[in-house]
Structure formats: C-alpha cells, structure tokens
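Engineer: File follows, protein_16.pdb with PDB, C-alpha atoms:
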MODEL        1
ATOM      1  CA  MET H   1     -42.057 -17.812   5.002
ATOM      2  CA  VAL H   2     -39.036 -18.339   2.791
ATOM      3  CA  THR H   3     -35.613 -18.916   4.286
ATOM      4  CA  TYR H   4     -32.403 -18.781   2.380
ATOM      5  CA  ASN H   5     -29.440 -20.919   3.188
ATOM      6  CA  MET H   6     -26.498 -18.981   1.839
ATOM      7  CA  LYS H   7     -23.013 -20.247   2.447
ATOM      8  CA  LYS H   8     -20.641 -17.646   3.764
ATOM      9  CA  LYS H   9     -17.022 -17.482   2.812
ATOM     10  CA  LYS H  10     -14.597 -18.734   5.410
ATOM     11  CA  SER H  11     -13.255 -15.205   5.917
ATOM     12  CA  GLU H  12     -16.753 -13.878   6.591
ATOM     13  CA  THR H  13     -17.501 -16.440   9.240
ATOM     14  CA  SER H  14     -14.158 -16.324  11.000
ATOM     15  CA  GLY H  15     -13.912 -12.549  11.000
ATOM     16  CA  SER H  16     -10.160 -12.797  10.539
ATOM     17  CA  LEU H  17      -9.928 -10.989   7.182
ATOM     18  CA  LEU H  18     -11.377  -7.659   6.182
ATOM     19  CA  PRO H  19     -13.462  -7.466   2.992
ATOM     20  CA  SER H  20     -11.770  -6.786  -0.331
ATOM     21  CA  ALA H  21     -13.614  -3.470  -0.708
ATOM     22  CA  MET H  22     -11.656  -2.135   2.259
ATOM     23  CA  ALA H  23      -8.422  -3.259   0.605
ATOM     24  CA  ASP H  24      -9.274  -1.042  -2.369
ATOM     25  CA  VAL H  25      -9.244   2.015  -0.122
ATOM     26  CA  GLU H  26      -5.824   1.082   1.252
ATOM     27  CA  LEU H  27      -4.417   0.309  -2.190
ATOM     28  CA  GLN H  28      -5.669   3.597  -3.617
ATOM     29  CA  HIS H  29      -4.000   5.448  -0.762
ATOM     30  CA  ILE H  30      -0.707   3.631  -1.284
ATOM     31  CA  GLU H  31      -0.875   4.220  -5.054
ATOM     32  CA  ARG H  32      -1.430   7.965  -4.543
ATOM     33  CA  ALA H  33       1.318   8.161  -1.943
ATOM     34  CA  LEU H  34       3.766   6.286  -4.137
ATOM     35  CA  ALA H  35       3.024   8.517  -7.134
ATOM     36  CA  GLN H  36       3.481  11.661  -5.049
ATOM     37  CA  LEU H  37       6.548  10.438  -3.229
ATOM     38  CA  ARG H  38       8.107   9.192  -6.459
ATOM     39  CA  THR H  39       7.937  12.773  -7.698
ATOM     40  CA  MET H  40       9.128  14.210  -4.396
ATOM     41  CA  SER H  41      12.114  11.862  -4.223
ATOM     42  CA  ASN H  42      13.554  13.752  -7.198
ATOM     43  CA  HIS H  43      13.655  16.938  -5.118
ATOM     44  CA  ALA H  44      15.330  17.860  -1.871
ATOM     45  CA  SER H  45      11.970  18.080  -0.110
ATOM     46  CA  GLY H  46      11.757  14.423   0.839
ATOM     47  CA  THR H  47      12.605  10.783   0.290
ATOM     48  CA  LEU H  48      10.599   7.617   0.056
ATOM     49  CA  ASN H  49      10.887   5.214   2.969
ATOM     50  CA  VAL H  50      10.458   2.058   0.916
ATOM     51  CA  GLU H  51      10.350  -0.283   3.900
ATOM     52  CA  TYR H  52       7.406   1.585   5.441
ATOM     53  CA  TRP H  53       5.332   1.235   2.280
ATOM     54  CA  ARG H  54       6.340  -2.421   1.874
ATOM     55  CA  GLU H  55       5.037  -3.012   5.392
ATOM     56  CA  ARG H  56       1.757  -1.303   4.467
ATOM     57  CA  LEU H  57       1.418  -3.591   1.432
ATOM     58  CA  THR H  58       2.170  -6.645   3.565
ATOM     59  CA  ALA H  59      -0.505  -5.573   6.045
ATOM     60  CA  VAL H  60      -3.061  -5.225   3.236
ATOM     61  CA  SER H  61      -2.095  -8.653   1.864
ATOM     62  CA  ALA H  62      -2.336 -10.344   5.227
ATOM     63  CA  GLY H  63      -5.397  -8.558   6.540
ATOM     64  CA  HIS H  64      -7.857  -8.550   3.631
ATOM     65  CA  ALA H  65      -9.657 -11.124   1.538
ATOM     66  CA  LEU H  66      -8.136 -10.102  -1.782
ATOM     67  CA  VAL H  67      -9.396 -10.763  -5.283
ATOM     68  CA  PRO H  68      -6.889 -11.568  -8.056
ATOM     69  CA  ALA H  69      -6.898  -8.006  -9.428
ATOM     70  CA  GLN H  70      -5.929  -6.647  -6.004
ATOM     71  CA  LYS H  71      -3.107  -9.175  -5.715
ATOM     72  CA  ARG H  72      -1.799  -7.959  -9.087
ATOM     73  CA  ARG H  73      -2.003  -4.341  -7.901
ATOM     74  CA  ILE H  74       0.030  -5.227  -4.822
ATOM     75  CA  GLU H  75       2.687  -6.931  -6.927
ATOM     76  CA  ALA H  76       2.826  -3.904  -9.255
ATOM     77  CA  LEU H  77       3.229  -1.597  -6.256
ATOM     78  CA  ARG H  78       6.024  -3.773  -4.877
ATOM     79  CA  THR H  79       7.774  -3.607  -8.230
ATOM     80  CA  ALA H  80       7.390   0.184  -8.270
ATOM     81  CA  LEU H  81       8.846   0.389  -4.762
ATOM     82  CA  ASP H  82      11.812  -1.732  -5.858
ATOM     83  CA  THR H  83      12.393   0.642  -8.765
ATOM     84  CA  VAL H  84      12.317   3.685  -6.493
ATOM     85  CA  ALA H  85      14.615   1.997  -3.981
ATOM     86  CA  LYS H  86      17.228   1.398  -6.703
ATOM     87  CA  ARG H  87      17.365   5.070  -7.735
ATOM     88  CA  PRO H  88      20.633   6.768  -6.879
ATOM     89  CA  ARG H  89      20.264   9.442  -4.241
ATOM     90  CA  ASP H  90      21.366  12.985  -4.820
ATOM     91  CA  ALA H  91      24.702  13.176  -3.022
ATOM     92  CA  THR H  92      24.913  16.951  -3.341
ATOM     93  CA  SER H  93      22.008  17.718  -1.051
ATOM     94  CA  PRO H  94      22.317  17.467   2.730
ATOM     95  CA  ARG H  95      20.225  14.991   4.695
ATOM     96  CA  ARG H  96      16.821  14.751   3.051
ATOM     97  CA  ARG H  97      13.713  14.671   5.181
ATOM     98  CA  THR H  98      11.292  11.786   4.916
ATOM     99  CA  THR H  99       7.681  12.519   4.026
ATOM    100  CA  ASN H 100       6.172   9.323   5.415
ATOM    101  CA  ARG H 101       4.832  11.054   8.533
ATOM    102  CA  LEU H 102       2.662  13.238   6.304
ATOM    103  CA  TRP H 103       1.211  10.238   4.467
ATOM    104  CA  ALA H 104       0.777   8.157   7.617
ATOM    105  CA  LYS H 105      -1.361  10.901   9.151
ATOM    106  CA  ALA H 106      -3.554  10.950   6.040
ATOM    107  CA  ALA H 107      -4.201   7.198   6.254
TER
ENDMDL
END
What is this structure when it is put down as structure tokens?
Structural biologist:
Amino acid sequence: MVTYNMKKKKSETSGSLLPSAMADVELQHIERALAQLRTMSNHASGTLNVEYWRERLTAVSAGHALVPAQKRRIEALRTALDTVAKRPRDATSPRRRTTNRLWAKAA
C-alpha cells in the first residue's frame, strides 16, 4: 500500500479562502457586466453604480486564493471602473435608472 504525503496550501486547510477557479467565474461575470454597463451608461437606459462593482471586486480579492493573473485582472477592472466613474453624465436626461439590480440577480 502506497501512501502519499502531500502538503496542502494554507488556504485549503483553513477553509477560509475559496479556490482560484471560483474567482474566475466571478471575474468573468464582473467583466461582462462592466462591458455591458459601460455601453449602457452612454444611453438613458441606465447608469453604472461604480461602488457596487468595487465592492464585488473587493469581495473576490478577500474571499479567494488568487493567482497573479487574477490579481492583474482585478486591478484592470478597478482601473476601468475609475474611468467610467470619471465620465461626465448626460445632464439633459432626467434621473437615469441603475441597472445593477439586473446584474445582481444574474450573479
């Protein structure tokens, strides 16, 4: 009988962080939402609630064992959110509805 003594990562033994593969699912969702909402923010149909999506990114960062490529994706998404947040809003349209409820339900 052969036994293997494999060391587990600290995150695997403590159970405190989710695996990086699960972070990919979250990041893909946020990337799709940001791309869609970036387009929608140019129209009267909706706006991007930047703080909500920053919170989602923070939750992914804090809750998953990330690899370097995922950390770079998160930083790129934060930069994209900053860019969207700096866009001037269309002052001619009345109050614009937020679309975050739609994306939150899809998550």
Engineer: Kindly give the distance, in Å, that separates atom CA of Leu18 of chain H and atom CA of Leu34 of chain H, rounded to a single decimal.
Structural biologist: 23.0 Å
Engineer: Applying 10 Å and all atoms listed in the file, which residues near Arg73 of chain H remain after dropping the ones on its own chain fewer than 3 positions away? List them as a PyMOL selection string.
Structural biologist: chain H and resi 24+27-28+31+57+68-70+76-79
Engineer: Let me see the file: selected residues, C-alpha atoms, as a CSV table (one decimal), in the frame of the given file.
Structural biologist:
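out05.csv was written with the following content:
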chain,number,residue,atom,x,y,z
H,24,ASP,CA,-9.3,-1.0,-2.4
H,27,LEU,CA,-4.4,0.3,-2.2
H,28,GLN,CA,-5.7,3.6,-3.6
H,31,GLU,CA,-0.9,4.2,-5.1
H,57,LEU,CA,1.4,-3.6,1.4
H,68,PRO,CA,-6.9,-11.6,-8.1
H,69,ALA,CA,-6.9,-8.0,-9.4
H,70,GLN,CA,-5.9,-6.6,-6.0
H,76,ALA,CA,2.8,-3.9,-9.3
H,77,LEU,CA,3.2,-1.6,-6.3
H,78,ARG,CA,6.0,-3.8,-4.9
H,79,THR,CA,7.8,-3.6,-8.2
Engineer: Please write the residues picked by the PyMOL selection byres ((chain H and resi 20) around 12) on this file as a PDB file with C-alpha atoms, in the frame of the given file.
Structural biologist:
ATOM      1  CA  SER H  11     -13.255 -15.205   5.917  1.00  0.00           C
ATOM      2  CA  GLU H  12     -16.753 -13.878   6.591  1.00  0.00           C
ATOM      3  CA  LEU H  17      -9.928 -10.989   7.182  1.00  0.00           C
ATOM      4  CA  LEU H  18     -11.377  -7.659   6.182  1.00  0.00           C
ATOM      5  CA  PRO H  19     -13.462  -7.466   2.992  1.00  0.00           C
ATOM      6  CA  ALA H  21     -13.614  -3.470  -0.708  1.00  0.00           C
ATOM      7  CA  MET H  22     -11.656  -2.135   2.259  1.00  0.00           C
ATOM      8  CA  ALA H  23      -8.422  -3.259   0.605  1.00  0.00           C
ATOM      9  CA  ASP H  24      -9.274  -1.042  -2.369  1.00  0.00           C
ATOM     10  CA  VAL H  25      -9.244   2.015  -0.122  1.00  0.00           C
ATOM     11  CA  GLU H  26      -5.824   1.082   1.252  1.00  0.00           C
ATOM     12  CA  LEU H  27      -4.417   0.309  -2.190  1.00  0.00           C
ATOM     13  CA  VAL H  60      -3.061  -5.225   3.236  1.00  0.00           C
ATOM     14  CA  SER H  61      -2.095  -8.653   1.864  1.00  0.00           C
ATOM     15  CA  ALA H  62      -2.336 -10.344   5.227  1.00  0.00           C
ATOM     16  CA  GLY H  63      -5.397  -8.558   6.540  1.00  0.00           C
ATOM     17  CA  HIS H  64      -7.857  -8.550   3.631  1.00  0.00           C
ATOM     18  CA  ALA H  65      -9.657 -11.124   1.538  1.00  0.00           C
ATOM     19  CA  LEU H  66      -8.136 -10.102  -1.782  1.00  0.00           C
ATOM     20  CA  VAL H  67      -9.396 -10.763  -5.283  1.00  0.00           C
ATOM     21  CA  PRO H  68      -6.889 -11.568  -8.056  1.00  0.00           C
ATOM     22  CA  ALA H  69      -6.898  -8.006  -9.428  1.00  0.00           C
ATOM     23  CA  GLN H  70      -5.929  -6.647  -6.004  1.00  0.00           C
ATOM     24  CA  LYS H  71      -3.107  -9.175  -5.715  1.00  0.00           C
TER      25      LYS H  71
END
Engineer: I'd like the interatomic distance between atom CA of Ser16 of chain H and atom CA of Glu75 of chain H, to a tenth of an Å.
Structural biologist: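 Going from atom CA of Ser16 of chain H over to atom CA of Glu75 of chain H, I get 22.5 Å.
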Engineer: Just how far from atom CA of Thr39 of chain H is atom CA of Arg72 of chain H, in Å to one decimal?
Structural biologist: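 Computed distance, atom CA of Arg72 of chain H to atom CA of Thr39 of chain H, equals 22.9 Å.
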Engineer: List the residues selected by the PyMOL selection byres ((chain H and resi 50) around 12) in the file shown, writing them as a PyMOL selection string.
Structural biologist: chain H and resi 30+33-34+37-38+41+47-49+51-57+77-87+98-100
Engineer: Once N, CA and C atoms are restored for segment 53-69 of chain H, what would the output be as a JSON list (two decimals), keeping the file's coordinate frame?
Structural biologist:
[["chain", "number", "residue", "atom", "x", "y", "z"],
["H", 53, "TRP", "N", 6.41, 1.52, 3.23],
["H", 53, "TRP", "CA", 5.33, 1.24, 2.28],
["H", 53, "TRP", "C", 5.26, -0.25, 1.96],
["H", 54, "ARG", "N", 6.38, -0.96, 2.02],
["H", 54, "ARG", "CA", 6.34, -2.42, 1.87],
["H", 54, "ARG", "C", 5.56, -3.04, 3.03],
["H", 55, "GLU", "N", 5.78, -2.52, 4.23],
["H", 55, "GLU", "CA", 5.04, -3.01, 5.39],
["H", 55, "GLU", "C", 3.54, -2.76, 5.24],
["H", 56, "ARG", "N", 3.18, -1.60, 4.71],
["H", 56, "ARG", "CA", 1.76, -1.30, 4.47],
["H", 56, "ARG", "C", 1.17, -2.31, 3.48],
["H", 57, "LEU", "N", 1.91, -2.62, 2.41],
["H", 57, "LEU", "CA", 1.42, -3.59, 1.43],
["H", 57, "LEU", "C", 1.28, -4.98, 2.06],
["H", 58, "THR", "N", 2.24, -5.35, 2.89],
["H", 58, "THR", "CA", 2.17, -6.64, 3.56],
["H", 58, "THR", "C", 0.96, -6.71, 4.48],
["H", 59, "ALA", "N", 0.66, -5.61, 5.16],
["H", 59, "ALA", "CA", -0.50, -5.57, 6.04],
["H", 59, "ALA", "C", -1.80, -5.72, 5.25],
["H", 60, "VAL", "N", -1.87, -5.09, 4.08],
["H", 60, "VAL", "CA", -3.06, -5.22, 3.24],
["H", 60, "VAL", "C", -3.19, -6.67, 2.77],
["H", 61, "SER", "N", -2.08, -7.26, 2.34],
["H", 61, "SER", "CA", -2.10, -8.65, 1.86],
["H", 61, "SER", "C", -2.55, -9.62, 2.95],
["H", 62, "ALA", "N", -2.04, -9.42, 4.14],
["H", 62, "ALA", "CA", -2.34, -10.34, 5.23],
["H", 62, "ALA", "C", -3.70, -10.10, 5.87],
["H", 63, "GLY", "N", -4.20, -8.89, 5.78],
["H", 63, "GLY", "CA", -5.40, -8.56, 6.54],
["H", 63, "GLY", "C", -6.69, -8.49, 5.77],
["H", 64, "HIS", "N", -6.65, -8.68, 4.45],
["H", 64, "HIS", "CA", -7.86, -8.55, 3.63],
["H", 64, "HIS", "C", -8.07, -9.78, 2.76],
["H", 65, "ALA", "N", -9.31, -10.06, 2.48],
["H", 65, "ALA", "CA", -9.66, -11.12, 1.54],
["H", 65, "ALA", "C", -9.55, -10.52, 0.14],
["H", 66, "LEU", "N", -8.43, -10.76, -0.51],
["H", 66, "LEU", "CA", -8.14, -10.10, -1.78],
["H", 66, "LEU", "C", -8.65, -10.89, -2.98],
["H", 67, "VAL", "N", -9.05, -10.15, -4.00],
["H", 67, "VAL", "CA", -9.40, -10.76, -5.28],
["H", 67, "VAL", "C", -8.14, -10.73, -6.15],
["H", 68, "PRO", "N", -8.10, -11.52, -7.22],
["H", 68, "PRO", "CA", -6.89, -11.57, -8.06],
["H", 68, "PRO", "C", -6.40, -10.21, -8.57],
["H", 69, "ALA", "N", -7.31, -9.33, -8.93],
["H", 69, "ALA", "CA", -6.90, -8.01, -9.43],
["H", 69, "ALA", "C", -6.17, -7.22, -8.33]]
